[in-house]
Every structure is written in C-alpha cells, then in structure tokens.
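Below: protein.cif (mmCIF, C-alpha atoms)
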```cif
data_input
#
loop_
_atom_site.label_atom_id
_atom_site.label_comp_id
_atom_site.auth_asym_id
_atom_site.auth_seq_id
_atom_site.Cartn_x
_atom_site.Cartn_y
_atom_site.Cartn_z
CA MET A 79 16.16 -24.83 -9.67
CA THR A 80 14.82 -21.54 -8.37
CA THR A 81 12.16 -19.65 -10.29
CA PRO A 82 13.22 -16.08 -11.10
CA VAL A 83 10.97 -13.34 -9.78
CA PRO A 84 9.01 -11.84 -12.70
CA THR A 85 10.05 -8.26 -13.46
CA GLU A 86 6.44 -7.15 -12.90
CA ASP A 87 6.58 -8.37 -9.28
CA ARG A 88 9.99 -6.82 -8.65
CA ARG A 89 8.68 -3.43 -9.77
CA ASN A 90 5.87 -3.70 -7.20
CA ILE A 91 8.22 -2.73 -4.34
CA ASP A 92 7.09 0.73 -3.25
CA TRP A 93 10.37 2.58 -2.66
CA LEU A 94 8.72 5.74 -1.32
CA LEU A 95 6.84 3.70 1.29
CA THR A 96 10.06 1.84 2.20
CA ILE A 97 11.93 5.14 2.68
CA ALA A 98 9.03 6.52 4.75
CA VAL A 99 8.98 3.44 7.02
CA VAL A 100 12.77 3.75 7.52
CA ALA A 101 12.36 7.48 8.33
CA VAL A 102 9.62 6.80 10.91
CA THR A 103 11.71 4.01 12.47
CA ALA A 104 14.70 6.40 12.71
CA THR A 105 12.41 8.99 14.36
CA PHE A 106 11.22 6.44 16.94
CA ILE A 107 14.85 5.49 17.72
CA ARG A 108 15.83 9.15 18.12
CA ALA A 109 12.77 9.91 20.28
CA ILE A 110 13.26 6.87 22.53
CA PHE A 111 17.04 6.79 22.94
CA PHE A 112 18.47 10.21 22.03
CA THR A 113 15.92 12.76 23.22
CA PRO A 114 15.86 13.92 26.85
CA ALA A 115 12.75 13.34 28.95
CA GLU A 116 10.77 16.32 30.20
CA ALA A 117 11.34 16.90 33.94
CA LEU A 118 7.72 17.40 35.08
CA GLN A 119 5.84 15.06 32.70
CA GLY A 120 8.44 12.29 32.63
CA LEU A 121 8.83 9.86 29.75
CA ALA A 122 5.12 10.13 28.85
CA GLN A 123 5.97 13.48 27.22
CA LYS A 124 7.64 11.51 24.39
CA ILE A 125 4.14 10.55 23.19
CA PHE A 126 4.11 14.11 21.82
CA TYR A 127 6.46 13.06 18.95
CA VAL A 128 3.81 10.64 17.62
CA HIS A 129 0.62 12.42 18.69
CA ALA A 130 1.28 15.99 17.49
CA PRO A 131 2.60 15.29 13.94
CA SER A 132 -0.16 12.71 13.37
CA ALA A 133 -2.78 15.24 14.50
CA PHE A 134 -1.37 18.04 12.34
CA ILE A 135 -1.18 15.86 9.22
CA ALA A 136 -4.64 14.33 9.71
CA LEU A 137 -6.39 17.61 10.47
CA TYR A 138 -4.74 20.11 8.15
CA VAL A 139 -3.29 17.97 5.36
CA ALA A 140 -5.46 14.84 4.96
CA PHE A 141 -8.88 16.36 5.66
CA GLY A 142 -7.79 19.55 3.86
CA ILE A 143 -7.09 17.45 0.75
CA VAL A 144 -10.50 15.73 1.15
CA ALA A 145 -12.27 19.11 1.26
CA VAL A 146 -10.36 20.71 -1.63
CA SER A 147 -10.58 17.59 -3.86
CA GLY A 148 -14.26 17.17 -2.98
CA ALA A 149 -15.06 20.79 -3.85
CA LEU A 150 -13.08 20.53 -7.10
CA TYR A 151 -14.86 17.26 -7.93
CA LEU A 152 -18.26 18.93 -7.54
CA TRP A 153 -17.08 21.58 -9.98
CA LEU A 154 -15.05 19.57 -12.54
CA ARG A 155 -16.52 16.02 -12.15
CA ASP A 156 -13.07 14.50 -12.66
CA GLU A 157 -13.00 11.02 -11.10
CA ARG A 158 -9.29 11.37 -10.23
CA LEU A 159 -10.26 14.08 -7.73
CA ASP A 160 -12.79 11.70 -6.15
CA ARG A 161 -10.06 9.06 -5.89
CA ILE A 162 -7.66 11.54 -4.24
CA ALA A 163 -10.36 12.57 -1.74
CA ALA A 164 -11.23 8.95 -0.88
CA SER A 165 -7.56 8.01 -0.44
CA ALA A 166 -6.81 11.06 1.73
CA ALA A 167 -9.90 10.35 3.88
CA GLU A 168 -8.85 6.75 4.51
CA VAL A 169 -5.25 7.67 5.41
CA GLY A 170 -6.55 10.61 7.48
CA VAL A 171 -8.80 8.30 9.52
CA VAL A 172 -5.78 6.06 10.22
CA TYR A 173 -3.76 9.08 11.44
CA MET A 174 -6.69 10.34 13.48
CA THR A 175 -7.10 6.90 15.10
CA VAL A 176 -3.46 7.13 16.25
CA VAL A 177 -4.19 10.62 17.64
CA LEU A 178 -7.27 9.43 19.56
CA ILE A 179 -5.40 6.44 21.04
CA THR A 180 -2.11 8.13 21.93
CA GLY A 181 -3.80 11.24 23.37
CA PRO A 182 -5.49 9.45 26.31
CA MET A 183 -2.24 7.53 26.94
CA TRP A 184 -0.59 10.92 27.57
CA GLY A 185 -3.64 12.28 29.41
CA LYS A 186 -3.78 9.54 32.06
CA PRO A 187 -0.31 10.16 33.61
CA VAL A 188 -0.33 13.95 33.04
CA TRP A 189 -3.98 14.97 33.66
CA GLY A 190 -4.92 11.99 35.81
CA THR A 191 -7.73 10.96 33.46
CA TRP A 192 -7.93 9.07 30.15
CA TRP A 193 -10.60 11.31 28.67
CA THR A 194 -12.45 14.51 29.35
CA TRP A 195 -15.37 15.90 27.33
CA ASP A 196 -13.73 19.22 26.62
CA ALA A 197 -14.13 21.07 23.31
CA ARG A 198 -10.87 19.96 21.63
CA LEU A 199 -11.22 16.27 22.45
CA THR A 200 -14.95 16.05 21.75
CA LEU A 201 -14.74 17.85 18.40
CA THR A 202 -11.79 15.66 17.36
CA LEU A 203 -13.75 12.50 18.22
CA PHE A 204 -16.73 13.89 16.31
CA LEU A 205 -14.52 14.59 13.26
CA TRP A 206 -13.23 10.99 13.39
CA PHE A 207 -16.83 9.71 13.37
CA VAL A 208 -17.71 11.99 10.44
CA PHE A 209 -14.86 10.64 8.31
CA LEU A 210 -15.53 7.07 9.41
CA GLY A 211 -19.08 7.71 8.15
CA TYR A 212 -17.56 9.07 4.93
CA LEU A 213 -15.75 5.75 4.35
CA ILE A 214 -18.87 3.70 5.23
CA LEU A 215 -20.96 5.86 2.87
CA ARG A 216 -18.52 5.18 0.03
CA GLY A 217 -18.78 1.45 0.67
CA ALA A 218 -22.58 1.54 0.69
CA ILE A 219 -23.20 3.28 -2.67
CA GLU A 220 -22.51 1.30 -5.84
CA ASP A 221 -23.13 3.96 -8.48
CA HIS A 222 -19.85 5.83 -9.11
CA GLY A 223 -21.33 9.26 -9.78
CA THR A 224 -23.71 9.23 -6.80
CA ARG A 225 -20.99 7.91 -4.47
CA ALA A 226 -18.52 10.58 -5.56
CA ARG A 227 -21.08 13.40 -5.30
CA TYR A 228 -22.46 12.45 -1.86
CA SER A 229 -19.01 11.80 -0.39
CA ALA A 230 -17.64 15.08 -1.80
CA VAL A 231 -20.43 16.99 -0.01
CA LEU A 232 -19.82 15.09 3.24
CA GLY A 233 -16.04 15.61 2.94
CA VAL A 234 -16.40 19.37 2.48
CA LEU A 235 -18.88 19.67 5.38
CA GLY A 236 -16.79 17.41 7.64
CA ALA A 237 -13.64 19.45 7.04
CA LEU A 238 -15.49 22.58 8.27
CA LEU A 239 -14.92 21.19 11.77
CA VAL A 240 -11.14 21.60 11.40
CA PRO A 241 -11.00 25.40 12.07
CA PHE A 242 -13.23 24.90 15.14
CA ILE A 243 -10.88 22.19 16.43
CA HIS A 244 -7.89 24.48 15.84
CA LEU A 245 -9.50 27.42 17.64
CA SER A 246 -11.14 25.37 20.41
CA VAL A 247 -8.18 25.82 22.78
CA TYR A 248 -8.51 29.61 22.42
CA LEU A 249 -12.33 29.84 22.42
CA PHE A 250 -13.15 27.44 25.27
CA ARG A 251 -11.65 26.50 28.61
CA THR A 252 -10.03 23.17 27.81
CA LEU A 253 -7.58 20.79 29.45
CA HIS A 254 -5.78 20.34 26.15
CA PRO A 255 -2.48 22.26 26.03
CA MET A 256 -2.08 25.36 23.86
CA PRO A 257 0.12 24.97 20.76
CA ILE A 258 3.80 24.93 21.69
CA VAL A 259 5.31 24.82 18.19
CA LEU A 260 2.73 26.18 15.74
CA LYS A 261 2.10 29.51 17.40
CA PRO A 262 3.19 33.11 16.92
CA GLY A 263 6.70 33.56 18.32
CA ARG A 264 9.36 31.02 19.18
CA PRO A 265 8.41 27.39 19.94
CA SER A 266 8.44 26.58 23.69
CA LEU A 267 10.74 23.58 23.29
CA PRO A 268 14.50 23.18 23.85
CA ASN A 269 16.53 22.59 20.67
CA SER A 270 17.05 18.83 21.22
CA MET A 271 13.28 18.26 21.55
CA LEU A 272 12.54 20.64 18.69
CA ALA A 273 14.92 18.71 16.39
CA THR A 274 13.17 15.41 17.26
CA PHE A 275 9.78 17.04 16.67
CA ALA A 276 10.94 18.39 13.27
CA MET A 277 12.24 14.94 12.34
CA SER A 278 9.02 13.25 13.40
CA PHE A 279 6.96 15.81 11.49
CA VAL A 280 8.96 15.25 8.28
CA SER A 281 8.91 11.44 8.60
CA PHE A 282 5.17 11.26 9.32
CA ALA A 283 4.51 13.66 6.41
CA LEU A 284 6.59 11.41 4.15
CA LEU A 285 4.66 8.38 5.40
CA PHE A 286 1.42 10.20 4.63
CA VAL A 287 2.52 10.97 1.04
CA ALA A 288 3.63 7.33 0.54
CA LEU A 289 0.37 5.91 1.93
CA LEU A 290 -1.75 8.36 -0.06
CA ARG A 291 0.13 7.47 -3.27
CA ALA A 292 -0.20 3.72 -2.61
CA ARG A 293 -3.92 4.05 -1.79
CA TYR A 294 -4.56 6.20 -4.86
CA ARG A 295 -2.84 3.69 -7.15
CA LEU A 296 -4.89 0.87 -5.63
CA ALA A 297 -8.11 2.85 -6.13
CA ALA A 298 -7.19 3.54 -9.77
CA ARG A 299 -6.58 -0.18 -10.43
CA VAL A 300 -9.85 -1.20 -8.75
CA ASP A 301 -11.78 1.45 -10.72
CA ALA A 302 -10.23 0.22 -13.98
CA LEU A 303 -11.21 -3.38 -13.13
CA VAL A 304 -14.78 -2.41 -12.26
CA ALA A 305 -15.10 -0.35 -15.45
CA GLU A 306 -13.83 -3.25 -17.57
CA GLU A 307 -16.17 -5.73 -15.82
CA GLU A 308 -19.11 -3.45 -16.50
CA PHE A 309 -18.35 -3.45 -20.24
CA GLU A 310 -17.56 -7.16 -20.36
CA PRO A 311 -20.03 -8.98 -22.65
CA ALA A 312 -22.36 -11.46 -20.95
CA PRO A 313 -21.20 -15.10 -21.37
CA MET A 314 -22.76 -16.96 -24.32
CA PRO A 315 -25.38 -19.53 -23.24
CA ASN A 316 -24.21 -23.11 -23.62
CA LEU A 317 -26.74 -24.24 -26.19
CA ARG A 318 -25.52 -27.84 -26.31
CA ALA A 319 -26.30 -28.35 -22.62
CA GLU A 320 -29.93 -27.26 -23.11
CA PRO A 321 -32.28 -30.18 -23.86
CA ILE A 322 -34.05 -29.74 -27.23
CA ARG A 323 -37.81 -29.92 -26.81
CA MET B 250 10.70 12.75 37.41
CA PRO B 251 7.50 10.65 37.46
CA ASP B 252 7.83 7.00 36.46
CA ASN B 253 5.33 6.68 33.60
CA ALA B 254 7.36 4.96 30.88
CA VAL B 255 4.67 2.29 30.49
CA PHE B 256 2.32 4.86 28.91
CA TYR B 257 4.77 5.95 26.26
CA HIS B 258 5.75 2.35 25.52
CA ALA B 259 2.05 1.52 25.06
CA ALA B 260 1.48 4.61 22.86
CA TYR B 261 4.44 3.82 20.57
CA THR B 262 3.34 0.17 20.33
CA ALA B 263 -0.22 1.23 19.45
CA ALA B 264 1.09 3.62 16.76
CA ILE B 265 3.28 0.87 15.25
CA ILE B 266 0.34 -1.58 15.24
CA ILE B 267 -2.06 0.91 13.60
CA TYR B 268 0.33 2.26 10.94
CA GLY B 269 1.82 -1.21 10.32
CA GLY B 270 -1.64 -2.77 10.11
CA TYR B 271 -2.69 -0.20 7.53
CA VAL B 272 0.42 -0.84 5.41
CA ILE B 273 -0.31 -4.60 5.57
CA SER B 274 -3.95 -3.98 4.59
CA LEU B 275 -2.76 -2.02 1.52
CA VAL B 276 -0.40 -4.85 0.54
CA VAL B 277 -3.16 -7.48 0.95
CA ARG B 278 -5.67 -5.42 -1.05
CA SER B 279 -3.06 -4.78 -3.75
CA ARG B 280 -2.40 -8.55 -4.07
CA ARG B 281 -6.12 -9.31 -4.28
CA THR B 282 -6.48 -6.68 -7.00
CA ARG B 283 -3.54 -8.19 -8.90
CA ASP B 284 -5.24 -11.62 -8.76
CA ARG B 285 -8.47 -10.08 -10.08
CA GLU B 286 -6.51 -8.38 -12.87
CA ARG B 287 -4.89 -11.71 -13.83
CA ARG B 288 -8.26 -13.51 -13.83
CA GLN B 289 -9.76 -10.79 -15.97
CA MET B 290 -6.83 -10.93 -18.38
CA GLN B 291 -7.22 -14.72 -18.67
CA ARG B 292 -10.95 -14.34 -19.34
CA GLY B 293 -10.17 -11.74 -22.00
CA LEU B 294 -7.58 -14.00 -23.66
CA ALA B 295 -9.95 -16.99 -23.61
CA ARG B 296 -12.67 -14.88 -25.21
CA GLU B 297 -10.25 -13.67 -27.88
CA ILE B 298 -9.18 -17.25 -28.68
CA ASN B 299 -12.82 -18.41 -28.85
CA THR B 300 -13.68 -15.56 -31.22
CA LYS B 301 -10.76 -16.45 -33.51
CA LEU B 302 -11.68 -20.17 -33.53
#
```

Can the structure from this file be put into structure tokens for me?
Amino acid sequence: MTTPVPTEDRRNIDWLLTIAVVAVTATFIRAIFFTPAEALQGLAQKIFYVHAPSAFIALYVAFGIVAVSGALYLWLRDERLDRIAASAAEVGVVYMTVVLITGPMWGKPVWGTWWTWDARLTLTLFLWFVFLGYLILRGAIEDHGTRARYSAVLGVLGALLVPFIHLSVYLFRTLHPMPIVLKPGRPSLPNSMLATFAMSFVSFALLFVALLRARYRLAARVDALVAEEEFEPAPMPNLRAEPIR
Amino acid sequence: MPDNAVFYHAAYTAAIIIYGGYVISLVVRSRRTRDRERRQMQRGLAREINTKL
C-alpha cells in the first residue's frame, strides 16, 4: 500500500520557481540553438545572454532592493524590511557570482585575457566582496536588532558603488564594452539577438523574483522558530533523578 | 568565425551549476527548517499534555 502525500507537503511545490526554471531553460535553448552567432566574436558572444541580464538584475535590482529596504529599516525598524534586504543580498551575490565567472570566460577568447584590473571589473569584484561581507556579518551577529541595524548600514553604503560601476565605462578607459542595449538611442543588436536578450532578461528577472520570494519565506519561518525558542520555558529539573542528601 | 564554443559551453554550465546549486540549497534549508518546526511542535504538544496531566 502506498502512503498518500500529506496535503502540507504537496502545497510546498513552489510554482513560481518552477515556472522561472522552465523560462530560463527555454532561454538557454533559444540562445544555444535558435540565435545566430556573432561573426567577429564567434559563439563566445552567446555568453552575453547569461552575463548581461545577471549583471543588470544583481546591480540595479538586487542591490537596489538591499539599499532601499536597509534605509527604510533604519527609519521604520520593521523586521520584514530587514528580511527583504537579507534575501535580496543573498540572491544578488549568487547573480553577481555568475557575472564574475561568465565575464572572464567571454574575456579570454575576445580580449585575450581572463581578467584585467580596469575600473568596471575591479569595482564589480569589490562590490561582490562587500556583499559577501554583508552575508558573513549577518551570520556573525546573534542579536536581531544589532544585526539588522549594522547590515542595513553596510547594505546602503555597499550599494553606493553601483552608480560608479555603471558610469565606470564612461569615466575611465576600460576594456569592458559600452552598453549596447541600455543606452540612449536604438540598441546595437539585430532583432533576432535582441529578442533572445529580451527573453533572457525576462526569464532571469522571473527567476530573481522566485528566488527572492522563496528566500524571504524561509527567513520568515526561521525567524518565527527562533522567536518561539527564545520564549520557550526552560525544561523542569528532574527532581526524582537528584539524590536526596 | 573564431572557434571558441568551449568558452560558451563552460559559461552556460557554470551558470547552471551556480543557479541550480542555489535552488538546491534553498530546498535543503527549507527541509531542515520544516524538521525543526515539527520538533518544536512535538515539544509544545508534549508540554501541553504534561501540563494537563
């Protein structure tokens, strides 16, 4: 006889995350099999469909949310804002890790080097370290209020690097290419590549929302557990086991 | 056209491993939390029964 799955477990399937994973898979299939290769860069140009949307979402969306939620937390002291900031920072670091790994994989065949210490790359690496520090800081402080306050300050200060990273290709001489989609005027991409880029942007944004939602829910459950454990009465001493003197 | 497909294969594989690994980590942490919730619920029930007895 088979045991039926409890309804509680069946409800645990995250449909938004499932849809996001399907969307990203469809994007990969379109990018690999149905998008033409660029003539000068070759197939390595297809790294763009993973690298650029991940970078945009990490920099402007994830770390933007960390900064705004952090600033609002410092003002309102609502622990939901702290949870949103922590979740966005964790997902943002994951996206940024993809950016920092896929970037050099494009750089080697196109620039002839894995890495160069130019302004865009160095500031991006520095931002990744700042938010990695943010996550380590959160793990190191036990007191809720102190942890939320310190990490909100670090999150706001860390996100100040984002405008410098955005402007670095204009302000400094860098190897990193100028924006080809998010710029004034028409994007410098043919329609078939632009459609794949739009699809990858939407699917990675959907994945971000799904991961952020899943991470936030997990944080809320853990916080509820910790709060309940803190108020749990201490166990009664077993008087019978104590020898009577 | 230069032959550099190996780089984009490696980049896509790395992205799948990182995003997939993170999804798995969320699932594992969620299961651990569910176990903690169950243990806490059992402790709460046991305490309630003890109080009534």

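The space between atom CA of Leu205 of chain A and atom CA of Gly236 of chain A spans 6.7 Å.
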
Could you work out which residues of chain B fall inside 6 Å of chain A? Count all atoms listed in the file, and format the result as a PDB file with C-alpha atoms, keeping the file's coordinate frame.
```pdb
ATOM      1  CA  MET B 250      10.700  12.750  37.410  1.00  0.00           C
ATOM      2  CA  PRO B 251       7.500  10.650  37.460  1.00  0.00           C
ATOM      3  CA  ASN B 253       5.330   6.680  33.600  1.00  0.00           C
ATOM      4  CA  ALA B 254       7.360   4.960  30.880  1.00  0.00           C
ATOM      5  CA  PHE B 256       2.320   4.860  28.910  1.00  0.00           C
ATOM      6  CA  TYR B 257       4.770   5.950  26.260  1.00  0.00           C
ATOM      7  CA  ALA B 260       1.480   4.610  22.860  1.00  0.00           C
ATOM      8  CA  ALA B 264       1.090   3.620  16.760  1.00  0.00           C
TER       9      ALA B 264
END
```

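You will find atom CA of Arg225 of chain A at 9.2 Å from atom CA of Asp160 of chain A.
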
Next on the checklist: Evaluate the PyMOL selection byres ((chain A and resi 226-234) around 7) against this structure - the residues, as JSON, numbers by chain, please.
Outcome noted: {"A": [144, 145, 148, 149, 152, 160, 212, 216, 222, 223, 224, 225, 235, 236, 237, 238]}

May I have the selected residues written with C-alpha atoms, as a JSON list (two decimals), in the coordinates of the input?
```
[["chain", "number", "residue", "atom", "x", "y", "z"],
["A", 144, "VAL", "CA", -10.50, 15.73, 1.15],
["A", 145, "ALA", "CA", -12.27, 19.11, 1.26],
["A", 148, "GLY", "CA", -14.26, 17.17, -2.98],
["A", 149, "ALA", "CA", -15.06, 20.79, -3.85],
["A", 152, "LEU", "CA", -18.26, 18.93, -7.54],
["A", 160, "ASP", "CA", -12.79, 11.70, -6.15],
["A", 212, "TYR", "CA", -17.56, 9.07, 4.93],
["A", 216, "ARG", "CA", -18.52, 5.18, 0.03],
["A", 222, "HIS", "CA", -19.85, 5.83, -9.11],
["A", 223, "GLY", "CA", -21.33, 9.26, -9.78],
["A", 224, "THR", "CA", -23.71, 9.23, -6.80],
["A", 225, "ARG", "CA", -20.99, 7.91, -4.47],
["A", 235, "LEU", "CA", -18.88, 19.67, 5.38],
["A", 236, "GLY", "CA", -16.79, 17.41, 7.64],
["A", 237, "ALA", "CA", -13.64, 19.45, 7.04],
["A", 238, "LEU", "CA", -15.49, 22.58, 8.27]]
```

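For the pair atom CA of Ser165 of chain A and atom CA of Phe309 of chain A, the interatomic distance is 25.3 Å.
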